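Asks: File structure.cif follows (mmCIF, C-alpha atoms and all ligand atoms):
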data_my_file
#
loop_
_atom_site.label_atom_id
_atom_site.label_comp_id
_atom_site.auth_asym_id
_atom_site.auth_seq_id
_atom_site.Cartn_x
_atom_site.Cartn_y
_atom_site.Cartn_z
CA MET A 148 21.05 -14.47 -3.69
CA SER A 149 23.06 -11.35 -2.90
CA LEU A 150 21.25 -8.05 -2.36
CA THR A 151 21.58 -5.03 -4.61
CA GLU A 152 22.75 -1.80 -2.98
CA ARG A 153 19.18 -0.51 -3.04
CA GLN A 154 17.83 -3.68 -1.44
CA LYS A 155 20.53 -3.49 1.25
CA ARG A 156 19.55 0.09 2.10
CA GLU A 157 15.84 -0.78 2.26
CA LYS A 158 16.47 -3.83 4.40
CA GLU A 159 18.71 -1.92 6.80
CA TYR A 160 16.17 0.91 7.11
CA TYR A 161 13.21 -1.39 7.75
CA ASP A 162 15.08 -3.73 10.10
CA LEU A 163 15.73 -0.65 12.25
CA TYR A 164 12.23 0.71 11.76
CA ALA A 165 10.80 -2.66 12.85
CA GLN A 166 12.46 -2.21 16.23
CA LYS A 167 9.99 0.61 16.88
CA TYR A 168 7.31 -2.04 16.62
CA ALA A 169 9.19 -4.46 18.86
CA ASP A 170 6.67 -3.79 21.63
CA ILE A 171 3.88 -4.16 19.13
CA SER A 172 0.57 -3.75 20.91
CA PHE A 173 -1.20 -6.36 18.77
CA ASN A 174 -4.10 -3.96 19.06
CA ILE A 175 -4.52 -3.27 15.35
CA ASP A 176 -7.39 -1.14 14.02
CA LEU A 177 -9.42 -3.73 12.13
CA SER A 178 -12.34 -1.45 11.26
CA PRO A 179 -11.41 -0.98 7.55
CA VAL A 180 -12.31 -4.68 7.10
CA ILE A 181 -14.68 -5.42 10.01
CA ALA A 182 -17.00 -2.45 9.37
CA PRO A 183 -17.71 -3.33 5.70
CA LEU A 184 -17.91 -7.07 6.49
CA GLU A 185 -20.56 -6.32 9.11
CA ASN A 186 -22.32 -3.88 6.76
CA LYS A 187 -21.73 -1.04 9.21
CA GLU A 188 -19.61 1.35 7.18
CA THR A 189 -17.69 1.71 3.93
CA ARG A 190 -15.29 4.50 2.96
CA PRO A 191 -14.81 4.33 -0.80
CA TRP A 192 -13.16 7.77 -0.70
CA ASN A 193 -10.26 6.53 1.42
CA SER A 194 -7.56 4.62 -0.47
CA TYR A 195 -6.65 2.40 2.49
CA TRP A 196 -10.25 1.41 3.22
CA SER A 197 -10.96 1.05 -0.47
CA ILE A 198 -8.21 -1.49 -1.15
CA TYR A 199 -9.75 -3.78 1.51
CA ALA A 200 -13.16 -3.29 -0.10
CA HIS A 201 -11.68 -4.62 -3.37
CA ALA A 202 -10.27 -7.64 -1.50
CA ILE A 203 -13.71 -8.26 0.06
CA LYS A 204 -15.41 -8.01 -3.32
CA GLU A 205 -12.97 -10.45 -4.97
CA TYR A 206 -13.21 -13.05 -2.18
CA LYS A 207 -14.05 -16.66 -2.95
CA PRO A 208 -13.61 -19.49 -0.40
CA LYS A 209 -10.29 -21.35 -0.36
CA THR A 210 -8.40 -18.73 -2.35
CA LYS A 211 -4.83 -17.63 -1.80
CA LEU A 212 -3.88 -14.00 -1.25
CA LEU A 213 -0.34 -12.60 -1.38
CA ASP A 214 0.35 -9.46 0.66
CA PHE A 215 3.11 -8.04 -1.53
CA GLY A 216 5.74 -6.46 0.78
CA THR A 217 3.89 -7.22 3.97
CA GLY A 218 5.85 -5.07 6.45
CA PRO A 219 4.93 -5.96 10.06
CA GLY A 220 1.82 -7.88 8.93
CA GLU A 221 -0.94 -5.46 9.95
CA ASN A 222 -2.53 -5.35 6.49
CA ALA A 223 -2.17 -9.12 6.18
CA LEU A 224 -4.01 -9.54 9.49
CA ARG A 225 -6.92 -7.39 8.27
CA LEU A 226 -6.99 -9.33 4.98
CA SER A 227 -7.01 -12.65 6.85
CA LEU A 228 -10.36 -11.68 8.42
CA ILE A 229 -11.97 -11.86 4.99
CA GLY A 230 -11.18 -15.58 4.84
CA TYR A 231 -8.21 -15.77 2.46
CA ASP A 232 -5.32 -18.14 2.89
CA ILE A 233 -2.66 -15.50 3.60
CA TYR A 234 0.89 -15.36 2.25
CA GLY A 235 3.31 -12.49 2.72
CA PHE A 236 6.95 -11.66 2.07
CA ASP A 237 9.27 -8.81 2.94
CA ILE A 238 12.93 -8.03 2.53
CA SER A 239 13.23 -7.26 6.26
CA ASP A 240 13.52 -10.38 8.41
CA LYS A 241 12.61 -8.23 11.43
CA ASN A 242 9.31 -7.36 9.77
CA ILE A 243 8.67 -11.02 9.01
CA GLN A 244 9.30 -11.88 12.67
CA LEU A 245 6.73 -9.23 13.66
CA ALA A 246 4.20 -10.53 11.16
CA ASN A 247 4.62 -14.08 12.50
CA LYS A 248 4.20 -12.85 16.10
CA LEU A 249 1.11 -10.85 15.19
CA PHE A 250 -0.53 -13.83 13.52
CA GLU A 251 0.42 -16.11 16.40
CA HIS A 252 -1.12 -13.65 18.87
CA HIS A 253 -4.37 -13.56 16.90
CA ALA A 254 -4.29 -17.34 16.39
CA LYS A 255 -4.38 -16.94 12.62
CA PRO A 256 -2.50 -19.12 10.16
CA GLY A 257 -0.12 -17.13 7.93
CA ASN A 258 2.66 -18.05 5.53
CA PHE A 259 5.36 -15.42 5.82
CA GLN A 260 8.88 -15.47 4.50
CA VAL A 261 11.82 -13.23 3.75
CA ALA A 262 12.02 -12.60 0.01
CA PHE A 263 12.60 -9.87 -2.58
CA ALA A 264 9.84 -8.47 -4.74
CA GLU A 265 12.19 -8.74 -7.72
CA LYS A 266 12.53 -12.54 -7.44
CA LEU A 267 9.63 -14.25 -5.74
CA PRO A 268 9.94 -17.74 -4.23
CA TYR A 269 6.44 -18.90 -5.33
CA PRO A 270 5.41 -21.11 -8.26
CA SER A 271 3.83 -19.53 -11.34
CA ASN A 272 0.03 -19.04 -11.38
CA PHE A 273 -0.11 -19.63 -7.60
CA PHE A 274 -2.16 -16.72 -6.21
CA ASP A 275 -5.79 -15.76 -6.76
CA LEU A 276 -5.34 -12.22 -5.49
CA ILE A 277 -2.37 -9.97 -4.78
CA ILE A 278 -2.60 -6.88 -2.57
CA GLY A 279 0.26 -4.40 -2.19
CA ILE A 280 0.12 -1.33 0.02
CA ASP A 281 2.79 1.37 -0.39
CA ILE A 282 5.31 -1.08 -1.82
CA LEU A 283 5.90 -0.57 -5.57
CA HIS A 284 7.60 2.76 -4.97
CA HIS A 285 10.20 0.93 -2.84
CA VAL A 286 11.22 -1.73 -5.36
CA GLU A 287 12.53 -2.21 -8.91
CA ILE A 288 9.14 -1.84 -10.47
CA GLU A 289 9.62 -3.67 -13.76
CA GLN A 290 11.19 -6.83 -12.31
CA SER A 291 8.76 -6.87 -9.39
CA LEU A 292 5.64 -6.48 -11.52
CA LYS A 293 6.84 -9.19 -13.91
CA GLU A 294 7.15 -11.45 -10.87
CA CYS A 295 3.72 -10.35 -9.69
CA TYR A 296 2.31 -11.28 -13.10
CA ARG A 297 4.06 -14.64 -13.06
CA VAL A 298 2.77 -15.75 -9.66
CA LEU A 299 -0.82 -14.58 -10.29
CA ARG A 300 -3.19 -17.14 -11.79
CA PRO A 301 -4.75 -16.36 -15.19
CA GLY A 302 -7.86 -14.24 -14.53
CA GLY A 303 -6.51 -13.27 -11.08
CA LYS A 304 -6.21 -9.66 -9.98
CA ALA A 305 -3.63 -7.51 -8.23
CA PHE A 306 -4.39 -4.24 -6.42
CA PHE A 307 -1.63 -1.82 -5.49
CA ARG A 308 -2.16 1.33 -3.44
CA GLU A 309 0.62 3.81 -4.22
CA PRO A 310 1.52 7.50 -3.90
CA VAL A 311 1.90 9.20 -7.29
CA GLU A 312 3.86 12.22 -8.42
CA VAL A 313 2.03 15.34 -9.58
CA SER A 314 5.07 17.52 -10.23
CA PHE A 315 3.60 20.99 -9.94
CA LEU A 316 1.47 20.18 -6.86
CA ASP A 317 4.41 18.39 -5.24
CA ARG A 318 6.59 21.45 -5.86
CA ILE A 319 3.99 23.68 -4.17
CA ARG A 320 3.74 21.28 -1.26
CA GLU A 321 7.52 21.23 -0.84
CA SER A 322 7.85 25.02 -1.17
CA LYS A 323 9.20 26.98 1.81
CA PRO A 324 6.00 28.92 2.65
CA ILE A 325 3.88 25.74 2.69
CA GLN A 326 6.51 23.81 4.64
CA PHE A 327 6.58 26.69 7.14
CA PHE A 328 2.91 26.10 7.99
CA ALA A 329 3.04 22.31 7.76
CA PRO A 330 2.95 20.50 11.12
CA LYS A 331 6.53 19.64 12.03
CA LYS A 332 6.19 16.85 14.54
CA LYS A 333 4.65 14.16 12.39
CA SER A 334 6.60 14.81 9.21
CA LEU A 335 6.24 11.98 6.71
CA LYS A 336 9.86 12.59 5.79
CA ARG A 337 10.94 10.75 8.89
CA HIS A 338 9.57 7.57 7.38
CA ILE A 339 10.97 8.01 3.90
CA THR A 340 13.81 5.79 2.79
CA GLU A 341 16.67 7.07 0.65
CA ASP A 342 15.44 5.28 -2.47
CA GLU A 343 11.68 5.49 -2.38
CA ARG A 344 9.90 7.94 -4.66
CA LYS A 345 6.37 8.47 -5.78
CA LEU A 346 5.34 6.63 -8.94
CA ASN A 347 5.66 8.72 -12.09
CA LYS A 348 4.58 8.55 -15.74
CA GLN A 349 7.36 6.11 -16.70
CA ASP A 350 6.29 3.75 -13.91
CA ASP A 351 2.71 4.04 -15.16
CA THR A 352 3.84 3.03 -18.66
CA ILE A 353 5.77 0.05 -17.28
CA ILE A 354 2.77 -1.09 -15.22
CA LYS A 355 0.47 -0.93 -18.25
CA SER A 356 2.98 -2.76 -20.46
CA ILE A 357 3.10 -5.71 -18.03
CA PHE A 358 -0.60 -5.62 -17.14
CA PRO A 359 -2.45 -4.31 -20.22
CA GLN A 360 -5.72 -4.88 -18.31
CA CYS A 361 -5.23 -1.97 -15.94
CA LYS A 362 -7.73 0.33 -14.21
CA LYS A 363 -6.80 3.24 -11.98
CA HIS A 364 -8.77 4.61 -9.03
CA SER A 365 -7.60 8.05 -7.90
CA PHE A 366 -7.61 9.67 -4.46
CA PHE A 367 -6.20 12.64 -2.67
CA LEU A 368 -6.76 16.00 -4.33
CA PHE A 369 -7.82 18.55 -1.72
CA ALA A 370 -7.21 15.95 0.98
CA ARG A 371 -3.57 17.05 0.64
CA PHE A 372 -4.62 19.84 3.03
CA ASP A 373 -5.81 17.43 5.70
CA LYS A 374 -2.43 17.46 7.34
CA PHE A 375 -2.84 21.16 8.19
CA TYR A 376 -5.82 20.65 10.45
CA ARG A 377 -6.34 16.94 11.17
CA LYS A 378 -4.36 14.56 13.28
CA GLY A 379 -3.01 11.62 11.27
CA SER A 380 -4.54 9.31 13.87
CA ASP A 381 -8.05 10.85 13.63
CA PRO A 382 -10.36 7.83 13.11
CA LYS A 383 -13.21 9.94 11.70
CA PRO A 384 -13.68 10.19 7.91
CA SER A 385 -12.04 13.15 6.19
CA LEU A 386 -14.46 15.60 4.60
CA LEU A 387 -11.86 16.56 2.00
CA GLU A 388 -11.39 12.93 0.97
CA LYS A 389 -15.16 12.70 0.47
CA LEU A 390 -15.13 15.89 -1.58
CA ASP A 391 -12.28 14.51 -3.73
CA TYR A 392 -14.22 11.32 -4.32
CA VAL A 393 -17.24 13.25 -5.60
CA LEU A 394 -15.04 15.49 -7.77
CA PHE A 395 -13.24 12.49 -9.33
CA GLN A 396 -16.62 10.93 -10.18
CA LEU A 397 -18.00 14.13 -11.68
CA PHE A 398 -14.84 15.24 -13.50
CA PRO A 399 -12.69 12.16 -14.35
CA ALA A 400 -10.02 14.41 -15.93
CA LEU A 401 -9.14 15.60 -12.42
CA SER A 402 -7.82 12.14 -11.59
CA LYS A 403 -4.52 13.25 -13.17
CA LEU A 404 -4.08 15.45 -10.11
CA GLY A 405 -4.71 12.69 -7.58
CA GLY A 406 -1.79 12.12 -5.19
CA ALA A 407 -2.61 8.46 -4.58
CA VAL A 408 -3.89 5.69 -6.75
CA ILE A 409 -5.12 2.13 -6.55
CA TYR A 410 -3.99 0.16 -9.57
CA GLU A 411 -6.43 -2.65 -10.39
CA LEU A 412 -4.51 -5.11 -12.57
CA LYS A 413 -5.87 -8.26 -14.18
CA LYS A 414 -3.88 -11.14 -15.67
C1 LIG B 501 6.22 1.46 3.26
S1 LIG B 501 6.52 -0.18 3.80
C2 LIG B 501 4.96 -0.93 3.48
C3 LIG B 501 4.76 -2.19 4.24
C4 LIG B 501 3.33 -2.74 4.26
N1 LIG B 501 2.81 -3.00 2.95
C5 LIG B 501 2.44 -1.80 5.01
O1 LIG B 501 1.60 -1.11 4.39
O2 LIG B 501 2.58 -1.72 6.25
C6 LIG B 501 7.57 -0.80 2.53
C7 LIG B 501 8.01 -2.24 2.78
O3 LIG B 501 8.74 -2.70 1.65
C8 LIG B 501 9.75 -3.59 2.07
N2 LIG B 501 10.71 -3.69 0.95
C9 LIG B 501 11.51 -2.73 0.46
N3 LIG B 501 12.18 -3.18 -0.61
C10 LIG B 501 11.79 -4.46 -0.82
C11 LIG B 501 12.11 -5.46 -1.78
N4 LIG B 501 12.97 -5.22 -2.76
N5 LIG B 501 11.51 -6.67 -1.68
C12 LIG B 501 10.64 -6.92 -0.68
N6 LIG B 501 10.28 -6.01 0.26
C13 LIG B 501 10.85 -4.79 0.19
C14 LIG B 501 10.26 -2.95 3.34
O4 LIG B 501 10.96 -3.82 4.17
C15 LIG B 501 8.94 -2.43 3.97
O5 LIG B 501 8.39 -3.39 4.83
#
Taking this structure as input, can you express it in the form of structure tokens?

Replies:
Amino acid sequence: MSLTERQKREKEYYDLYAQKYADISFNIDLSPVIAPLENKETRPWNSYWSIYAHAIKEYKPKTKLLDFGTGPGENALRLSLIGYDIYGFDISDKNIQLANKLFEHHAKPGNFQVAFAEKLPYPSNFFDLIIGIDILHHVEIEQSLKECYRVLRPGGKAFFREPVEVSFLDRIRESKPIQFFAPKKKSLKRHITEDERKLNKQDDTIIKSIFPQCKKHSFFLFARFDKFYRKGSDPKPSLLEKLDYVLFQLFPALSKLGGAVIYELKK
């Protein structure tokens, strides 16, 4: 199948980006899965920890999990620790090579292949659970979610962690005075492809039309300010993320202002 122009750009970008991981340390932070599995710690206020918590909660022995747009396989490795039979695909063959190497190094079985989200190479009703991290905003959302629906078994669930647009807050964030104070070195922009964009209201409508059984969990209100005083690599929990979590529970209407969401979708 020939690639669309958008797919070509994404593939080219991530093939190059994967070279940065060529010397991959294999030393992946597994705590978002290990800590809850060992009953040591949970972080329901953090979207990345929270999506693994959903995968842990949904686990049943001998079930198949698809890591939707797996990248270099780090998320898939964490998910494999739960016990799932892991599958993953990505448009970048360099990423798939990295995922295979990572699984080999950790002596884990994994089924990775190059494929496009818009046309998946799996049979219908094949997966028990689908997890996607920062992927829907890179792909043609309608085609990809229809494929996601097709390959999920009836009663199965899909969880997608995605950034979402909140126009007026995004405008403030992008304004010159705020950008002036924002840390320059670790700008997210460096890792933003030409075509990706945060999910918006139209995307939300599409998602709900394909998966009418849809719940949303919101994150990231005041935690937007974390980048002004915390290092991205800081392993400690963010106080602002905790505050956001409490605020979202107390005042659900605030979830409209969340900058990240986990979609919980059921077939
Ligand atoms: C932001 S990365 C996320 C990767 C991974 N989920 C993670 O969290 O590390 C986006 C990924 O989407 C992949 N991608 C972009 N367009 C795609 C498409 N149409 N089909 C499949 N994968 C695609 C890229 O190669 C890249 O690995």

Asks: For ligand LIG 501 (chain B), list the contacting residues at 8 Å or closer, counting all atoms listed in the file, as a count of residues only.

Replies: 33

Asks: As an MDAnalysis selection string, please: the residues near Glu388 in chain A (cut-off 8 Å, all atoms listed in the file, same-chain neighbours under 6 positions excluded).

Replies: chainID A and resid 192:193 366:370

Asks: Could you write out that same residue set with C-alpha atoms as a CSV table (one decimal), in the coordinates of the input?

Replies:
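Saved as again_28.csv:
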chain,number,residue,atom,x,y,z
A,192,TRP,CA,-13.2,7.8,-0.7
A,193,ASN,CA,-10.3,6.5,1.4
A,366,PHE,CA,-7.6,9.7,-4.5
A,367,PHE,CA,-6.2,12.6,-2.7
A,368,LEU,CA,-6.8,16.0,-4.3
A,369,PHE,CA,-7.8,18.6,-1.7
A,370,ALA,CA,-7.2,16.0,1.0

Asks: Could you tell me which of A:Tyr164, A:Lys207, A:Leu212, A:Lys374 comes closest to Gln326 in chain A if we count all atoms listed in the file?

Replies: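 Under the stated criterion, the closest residue is A:Lys374.
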
Asks: Using Å and a single decimal, report how far CA of Tyr231 in chain A sits from CA of Lys211 in chain A.

Replies: 5.7 Å

Asks: Which polymer residues have any atom within 6 Å of an atom of range 408-412 of chain A, counting only C-alpha atoms, with same-chain residues fewer than 5 positions away left out, as a list of chain:residue names?

Replies: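 These residues fall inside the cut-off: A:Lys304, A:Ala305, A:Phe306, A:Phe307, A:Arg308, A:Glu309, A:Gln360, A:Cys361, A:Lys362, A:Lys363, A:His364, A:Ser365, A:Phe366.
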
Asks: Please measure the separation of CA of Ser402 in chain A and CA of Thr189 in chain A, giving the value in Å to one decimal.

Replies: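 Computing it gives 21.1 Å between the two atoms.
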
Asks: Name all residues at most 9 Å from Phe173 in chain A (count all atoms listed in the file; drop same-chain ones fewer than 5 positions away) and give them as a ChimeraX atom specification.

Replies: /A:221,248-249,252-253

Asks: Would you mind completing range 353-364 of chain A to all heavy atoms and writing the output as a short mmCIF file (atom, residue, chain, number, x, y, z; two decimals), in the coordinates of the input?

Replies:
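The resulting result.cif:
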data_model
loop_
_atom_site.label_atom_id
_atom_site.label_comp_id
_atom_site.auth_asym_id
_atom_site.auth_seq_id
_atom_site.Cartn_x
_atom_site.Cartn_y
_atom_site.Cartn_z
N ILE A 353 5.26 1.40 -17.54
CA ILE A 353 5.77 0.05 -17.28
C ILE A 353 4.63 -0.84 -16.77
O ILE A 353 4.44 -1.97 -17.22
CB ILE A 353 6.93 0.10 -16.25
CG1 ILE A 353 8.14 0.78 -16.86
CG2 ILE A 353 7.30 -1.30 -15.74
CD1 ILE A 353 9.26 1.09 -15.89
N ILE A 354 3.86 -0.30 -15.82
CA ILE A 354 2.77 -1.09 -15.22
C ILE A 354 1.80 -1.55 -16.32
O ILE A 354 1.43 -2.72 -16.40
CB ILE A 354 2.03 -0.26 -14.13
CG1 ILE A 354 2.97 -0.01 -12.96
CG2 ILE A 354 0.76 -0.98 -13.66
CD1 ILE A 354 2.46 0.97 -11.92
N LYS A 355 1.44 -0.59 -17.20
CA LYS A 355 0.47 -0.93 -18.25
C LYS A 355 1.06 -1.87 -19.29
O LYS A 355 0.33 -2.62 -19.94
CB LYS A 355 -0.03 0.35 -18.91
CG LYS A 355 -0.98 1.10 -17.99
CD LYS A 355 -1.37 2.41 -18.59
CE LYS A 355 -2.26 3.19 -17.65
NZ LYS A 355 -2.23 4.62 -17.93
N SER A 356 2.39 -1.85 -19.47
CA SER A 356 2.98 -2.76 -20.46
C SER A 356 2.97 -4.19 -19.92
O SER A 356 2.83 -5.15 -20.68
CB SER A 356 4.40 -2.32 -20.85
OG SER A 356 5.28 -2.58 -19.78
N ILE A 357 3.09 -4.35 -18.60
CA ILE A 357 3.10 -5.71 -18.03
C ILE A 357 1.67 -6.21 -17.80
O ILE A 357 1.36 -7.38 -17.99
CB ILE A 357 3.93 -5.73 -16.72
CG1 ILE A 357 5.37 -5.32 -17.04
CG2 ILE A 357 3.89 -7.10 -16.05
CD1 ILE A 357 6.24 -5.04 -15.85
N PHE A 358 0.82 -5.29 -17.37
CA PHE A 358 -0.60 -5.62 -17.14
C PHE A 358 -1.46 -4.75 -18.06
O PHE A 358 -1.96 -3.71 -17.62
CB PHE A 358 -0.99 -5.34 -15.69
CG PHE A 358 -0.60 -6.39 -14.71
CD1 PHE A 358 0.57 -6.28 -13.97
CD2 PHE A 358 -1.41 -7.50 -14.48
CE1 PHE A 358 0.93 -7.25 -13.04
CE2 PHE A 358 -1.06 -8.47 -13.56
CZ PHE A 358 0.12 -8.35 -12.84
N PRO A 359 -1.64 -5.16 -19.32
CA PRO A 359 -2.45 -4.31 -20.22
C PRO A 359 -3.88 -4.11 -19.69
O PRO A 359 -4.50 -3.09 -19.98
CB PRO A 359 -2.45 -5.08 -21.54
CG PRO A 359 -1.29 -6.02 -21.46
CD PRO A 359 -1.09 -6.33 -20.00
N GLN A 360 -4.38 -5.07 -18.89
CA GLN A 360 -5.72 -4.88 -18.31
C GLN A 360 -5.56 -4.12 -16.99
O GLN A 360 -5.40 -4.73 -15.93
CB GLN A 360 -6.39 -6.22 -18.06
CG GLN A 360 -6.64 -7.01 -19.35
CD GLN A 360 -7.53 -8.21 -19.06
OE1 GLN A 360 -8.70 -8.07 -18.77
NE2 GLN A 360 -6.96 -9.40 -19.15
N CYS A 361 -5.55 -2.81 -17.10
CA CYS A 361 -5.23 -1.97 -15.94
C CYS A 361 -6.27 -0.87 -15.76
O CYS A 361 -6.59 -0.15 -16.71
CB CYS A 361 -3.85 -1.35 -16.18
SG CYS A 361 -3.45 0.01 -15.10
N LYS A 362 -6.82 -0.78 -14.54
CA LYS A 362 -7.73 0.33 -14.21
C LYS A 362 -7.09 1.13 -13.09
O LYS A 362 -6.43 0.54 -12.24
CB LYS A 362 -9.04 -0.22 -13.65
CG LYS A 362 -10.12 -0.48 -14.65
CD LYS A 362 -11.43 -0.71 -13.90
CE LYS A 362 -12.24 -1.78 -14.60
NZ LYS A 362 -13.28 -2.35 -13.74
N LYS A 363 -7.36 2.44 -13.07
CA LYS A 363 -6.80 3.24 -11.98
C LYS A 363 -7.91 3.94 -11.20
O LYS A 363 -8.84 4.48 -11.80
CB LYS A 363 -5.85 4.30 -12.55
CG LYS A 363 -4.49 3.76 -12.90
CD LYS A 363 -3.72 4.64 -13.83
CE LYS A 363 -3.24 5.90 -13.19
NZ LYS A 363 -2.40 6.69 -14.10
N HIS A 364 -7.81 3.90 -9.88
CA HIS A 364 -8.77 4.61 -9.03
C HIS A 364 -7.97 5.70 -8.29
O HIS A 364 -7.00 5.38 -7.61
CB HIS A 364 -9.40 3.66 -8.02
CG HIS A 364 -9.97 2.40 -8.65
ND1 HIS A 364 -11.25 2.32 -9.13
CD2 HIS A 364 -9.41 1.19 -8.91
CE1 HIS A 364 -11.47 1.10 -9.64
NE2 HIS A 364 -10.35 0.41 -9.52
#
